[in-house]
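K.L.:
Here it is: the structure, laid out below.
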Amino acid sequence: MKELETDVLIVGGGPVGLALSLELGWRGVRCVLVEQTDGVIEQPKMDGVNIRTMEFCRRWGIVDAMKHCDFPKDYPQDMVYLTSVAGYELGREAFATPSGGAEELQSGHSPESRIRCPQTMFDPILQAKARTFGTVSLKYEHRMLGFEEVGSAVVARVQDLRARQDVAIRARYLVACDGGGSGVRKALGAEDDAGNVLTYSTNVMFRCPDIYKIYNKPLAYRHFFIGEEGTWASMVAISGRDVWRLSITDIGQSGKLTSEQVRAAIRRALGAEVPFEVISVMPWARREMVARRFRQGRVFLAGDAAHVMSPTGGFGMNTGIADAVDLAWKLEGALRGWGGEGLLQSYESERRQIALRTVREATGNLMRTLSPGSQPRLLDATREGAIVRYEVGRRFAATMLREWYKLGVDLGYRYAGSPICAQAESKTDRSKPEPRPGIAAGLATHFADGSPVTPTALRERQRLGVHLAQGVVPEPQDTELAASEVMVFPYYAQVGARAPHVWLSDGRSTLDLFGRAFTLFVIESRPRTVEALAAAARAVGLPLDVVECHEPQLRGPYLTSLVLVRPDQHIAWMGEELGAGDAESLIDKVRGA
């Protein structure tokens, strides 16, 4: 049997596996990806790329390709709540961009915005970029049959489905990105016994060029259909032209619809007779699951192999890509020798807590989606029916705001208590920010938490107020994050969190300063501590770049003179002065020694 050798074997070629191959390739790490299909996507499981993933795409150099994907740039991004396409509109949340408005670019929390790039368009972009790295090999129509850990390696038996022969692949590490039904997770015995089925759903892709003849309201991207029984389906514009995906929320435990039931559901969603063509039908079970462990020996779980969640909130793929980025730099550290034993161990302690948090939020979003409940008079063409529609729409629109304004989840996750992050006291009292010159007298420039007043921040807080005042809070509430933690993004630097984005005078973002290595970000000169940290890093081979930047706009979000940023742009330490011994201890901690 033919044998191949590599550093990392990736099992599964969806967006998470591809992102891991891309990040490893960007770091010069050898990897082989095996995927049992030909890689062609018939039913996209995702359609939106969140801000944090876009920041990763920014450093991979693929943002332009994504922004020029085939989805029309001028297609509205509104969320609309309605009885049918031709029926009553109940409410709407308007968005100029998927992130919320044109003001995002310069006053937002990121140099990037969320974009629409369905998986049918996103996966080929990831594939193309991954293939530009000589250290990456993508093998489609290759199925892993089994694996075992042998000494300092994992040996996998892989079947080449085209050549009809088996291949042995020997790797230092194996990462399973093989989806919610992960065979690797099952082999490790890492299944979560509480992997609950939330609903049995069905996705239907259909083509309807004439839909615009009956579309008697402003265009929207995502549509939520509410009937007398409550919310029964949603629909998104997959192509921004004539292809749509209808997701029927709960069809009962049978999990299957007949072809006539599928066509009846499409006709109900349209609300008027117009020709359409069913492209594909995919029944699926909406689940919530977090694996018991994300690592066993040299084998790791990432993406849906590690956690499965309701798509409400669009967290699934984006959480998985964050897994991939977190794991990739740690694998590099282990392979290059500067990472200690604790570095790879920290993957589970960091990412599993984020998975638990995100899964809870996704399930809460499902409960909010289903919150209208039974509304027997919703469709009555009477004054009473109109009042019911007004009240349902008002409350549902306010309730759903939490799903749309969620940067606290997408961007604000923090590795609290991470074994490779060092806590430090800030010298700055962020409740008393320094006054800014050039601001009209009497106008506040900062909120109480020190965050600057910007159009983006004002909108977040205004929508939070509407959500709290008018929205429905589903039961139970005890495991959910506070709405303010989800809907308002903390702008200032925190250990364990992603370093804040600030525009610099040369047009770059602070995030552009943080690359493949650790970065010591120097905001106020501390030469003795800088040299001590640089010397400690050199002594153990830890890659460290020192970047000095003294621009005044950094003073607000960055609370200390020195900030040590990890290769994944998260903050490992913040502080002022360190002695030589403390510097060595800090470097050992952040590399897991």
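Ligands are numbered from 1 in the order shown, residues from 1 within each chain, and chains are lettered A, B, ... in the order they appear in the structure tokens.
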Step one, run DSSP on the backbone; step two, keep only residues of range 129-366 of chain A assigned to strand (DSSP E or B); then write them as a ChimeraX atom specification.

P.N.:
/A:136-140,142-150,153-160,165-176,196-207,222-227,230-237,243-248,277-290,295-296,299-301,307-308

K.L.:
So which residues touch range 180-194 of chain A within 7 Å, counting only C-alpha atoms, skipping near sequence neighbours fewer than 3 positions away, as a list in words?

P.N.:
Ala176, Met289, Val290, Ala291, Arg292, Arg293, Asp304, Ala305 and Val308 of chain A

K.L.:
Deliver the residues from the most recent selection as a file, using C-alpha atoms, as a short mmCIF file (atom, residue, chain, number, x, y, z; two decimals), in the first residue's frame.

P.N.:
data_model
loop_
_atom_site.label_atom_id
_atom_site.label_comp_id
_atom_site.auth_asym_id
_atom_site.auth_seq_id
_atom_site.Cartn_x
_atom_site.Cartn_y
_atom_site.Cartn_z
CA ALA A 176 -11.32 16.01 12.08
CA MET A 289 -24.23 19.24 20.68
CA VAL A 290 -20.80 20.00 22.10
CA ALA A 291 -18.32 17.12 22.12
CA ARG A 292 -17.10 15.95 25.53
CA ARG A 293 -13.56 16.69 24.48
CA ASP A 304 -19.26 20.64 13.38
CA ALA A 305 -17.22 17.61 14.41
CA VAL A 308 -23.38 21.30 16.30
#

K.L.:
What lies within 8 Å of Leu246 in chain A using only C-alpha atoms, ignoring chain neighbours under 2 positions off, as a PDB file with N, CA, C and O atoms, in the first residue's frame?

P.N.:
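Full text of selection19.pdb as output:
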ATOM      1  N   ASN A 203     -34.861  21.671   3.958  1.00  0.00           N
ATOM      2  CA  ASN A 203     -34.447  22.768   3.081  1.00  0.00           C
ATOM      3  C   ASN A 203     -34.828  22.432   1.649  1.00  0.00           C
ATOM      4  O   ASN A 203     -34.559  21.319   1.174  1.00  0.00           O
ATOM      5  N   VAL A 204     -35.413  23.404   0.968  1.00  0.00           N
ATOM      6  CA  VAL A 204     -35.818  23.218  -0.425  1.00  0.00           C
ATOM      7  C   VAL A 204     -35.198  24.333  -1.261  1.00  0.00           C
ATOM      8  O   VAL A 204     -35.443  25.513  -1.011  1.00  0.00           O
ATOM      9  N   MET A 205     -34.371  23.957  -2.211  1.00  0.00           N
ATOM     10  CA  MET A 205     -33.842  24.922  -3.175  1.00  0.00           C
ATOM     11  C   MET A 205     -34.787  24.941  -4.366  1.00  0.00           C
ATOM     12  O   MET A 205     -35.128  23.883  -4.920  1.00  0.00           O
ATOM     13  N   PHE A 206     -35.209  26.144  -4.760  1.00  0.00           N
ATOM     14  CA  PHE A 206     -36.091  26.224  -5.927  1.00  0.00           C
ATOM     15  C   PHE A 206     -35.748  27.463  -6.750  1.00  0.00           C
ATOM     16  O   PHE A 206     -35.193  28.440  -6.242  1.00  0.00           O
ATOM     17  N   ALA A 233     -41.638  28.823   8.543  1.00  0.00           N
ATOM     18  CA  ALA A 233     -40.569  28.662   7.549  1.00  0.00           C
ATOM     19  C   ALA A 233     -39.797  29.969   7.415  1.00  0.00           C
ATOM     20  O   ALA A 233     -40.241  31.034   7.858  1.00  0.00           O
ATOM     21  N   SER A 234     -38.641  29.871   6.785  1.00  0.00           N
ATOM     22  CA  SER A 234     -37.869  31.057   6.408  1.00  0.00           C
ATOM     23  C   SER A 234     -37.349  30.841   4.998  1.00  0.00           C
ATOM     24  O   SER A 234     -37.281  29.706   4.502  1.00  0.00           O
ATOM     25  N   MET A 235     -36.974  31.938   4.336  1.00  0.00           N
ATOM     26  CA  MET A 235     -36.508  31.847   2.952  1.00  0.00           C
ATOM     27  C   MET A 235     -35.417  32.877   2.723  1.00  0.00           C
ATOM     28  O   MET A 235     -35.519  34.020   3.196  1.00  0.00           O
ATOM     29  N   VAL A 236     -34.360  32.476   2.027  1.00  0.00           N
ATOM     30  CA  VAL A 236     -33.276  33.406   1.716  1.00  0.00           C
ATOM     31  C   VAL A 236     -33.023  33.426   0.215  1.00  0.00           C
ATOM     32  O   VAL A 236     -33.300  32.462  -0.502  1.00  0.00           O
ATOM     33  N   TRP A 244     -33.763  30.410  -4.682  1.00  0.00           N
ATOM     34  CA  TRP A 244     -34.153  30.661  -3.301  1.00  0.00           C
ATOM     35  C   TRP A 244     -34.043  29.370  -2.504  1.00  0.00           C
ATOM     36  O   TRP A 244     -34.152  28.276  -3.055  1.00  0.00           O
ATOM     37  N   ILE A 248     -38.143  24.849   5.960  1.00  0.00           N
ATOM     38  CA  ILE A 248     -39.364  24.553   6.710  1.00  0.00           C
ATOM     39  C   ILE A 248     -38.928  24.136   8.106  1.00  0.00           C
ATOM     40  O   ILE A 248     -38.204  23.159   8.282  1.00  0.00           O
ATOM     41  N   ILE A 266     -43.926  25.619  -0.903  1.00  0.00           N
ATOM     42  CA  ILE A 266     -43.428  26.723  -1.734  1.00  0.00           C
ATOM     43  C   ILE A 266     -44.576  27.631  -2.144  1.00  0.00           C
ATOM     44  O   ILE A 266     -44.470  28.871  -2.067  1.00  0.00           O
TER      45      ILE A 266
END

K.L.:
Hey, which bits of range 30-94 of chain A sit within 6 Å of range 222-228 of chain A, and for each residue what's the closest pair of atoms and how far apart in Å (one decimal), counting only C-alpha atoms, rows by chain and increasing number, as a tab-separated table?

P.N.:
residue	atom	partner	partner_atom	distance
A:Met79	CA	A:Arg222	CA	5.0
A:Val80	CA	A:His223	CA	5.0
A:Tyr81	CA	A:Phe224	CA	4.8
A:Leu82	CA	A:Phe225	CA	5.3
A:Thr83	CA	A:Ile226	CA	5.1

K.L.:
Choose the residue, out of A:Lys217, A:His467, A:Lys589, A:Arg286, that has the smallest atom-to-atom separation from Thr249 in chain A; count only C-alpha atoms.

P.N.:
A:Arg286

K.L.:
Determine which residues of range 297-443 of chain A receive a DSSP assignment of helix (DSSP H, G or I), computed from the backbone, and state them as a VMD selection string.

P.N.:
chain A and resid 303 to 305 316 to 336 341 to 369 383 to 404 407 to 410

K.L.:
Quick one: of A:Gly240, A:Gly339, A:Gly17, A:Pro372, who's nearest to Gly471 in chain A, counting only C-alpha atoms?

P.N.:
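Comparing A:Gly240, A:Gly339, A:Gly17, A:Pro372 against Gly471 in chain A, the winner is A:Pro372.
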
K.L.:
From the set A:Thr454, A:Ser137, A:Thr382, A:Gln43, which residue has the shortest atom-to-atom contact distance to Ser280 in chain A, counting only C-alpha atoms?

P.N.:
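Using only C-alpha atoms, Ser280 in chain A sits closest to A:Gln43.
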
K.L.:
Could you state the separation of CA of Tyr491 in chain A and CA of Ala448 in chain A in Å, given to one decimal place?

P.N.:
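Those two atoms sit 11.8 Å apart.
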
K.L.:
Check the smallest atom-to-atom distance from each of A:Gln296, A:Thr202, A:Gln375, A:Ser346 to Glu149 in chain A using only C-alpha atoms, then report the winner.

P.N.:
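Under the stated criterion, the closest residue is A:Gln296.
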
K.L.:
Excluding Gln165 in chain A and any residue of its chain fewer than 3 positions from it, enumerate the residues within 12 Å of it, using only C-alpha atoms, and give them as a list in words.

P.N.:
Met1, Lys2, Glu3, Glu141, His142, Arg143, Met144, Leu145, Arg157, Val158, Gln159, Asp160, Leu161, Arg162 and Ala168 of chain A

K.L.:
Which of these, A:Leu511, A:Leu22, A:Val63, A:Val359, has the shortest distance to His570 in chain A once you count only C-alpha atoms?

P.N.:
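Under the stated criterion, the closest residue is A:Leu511.
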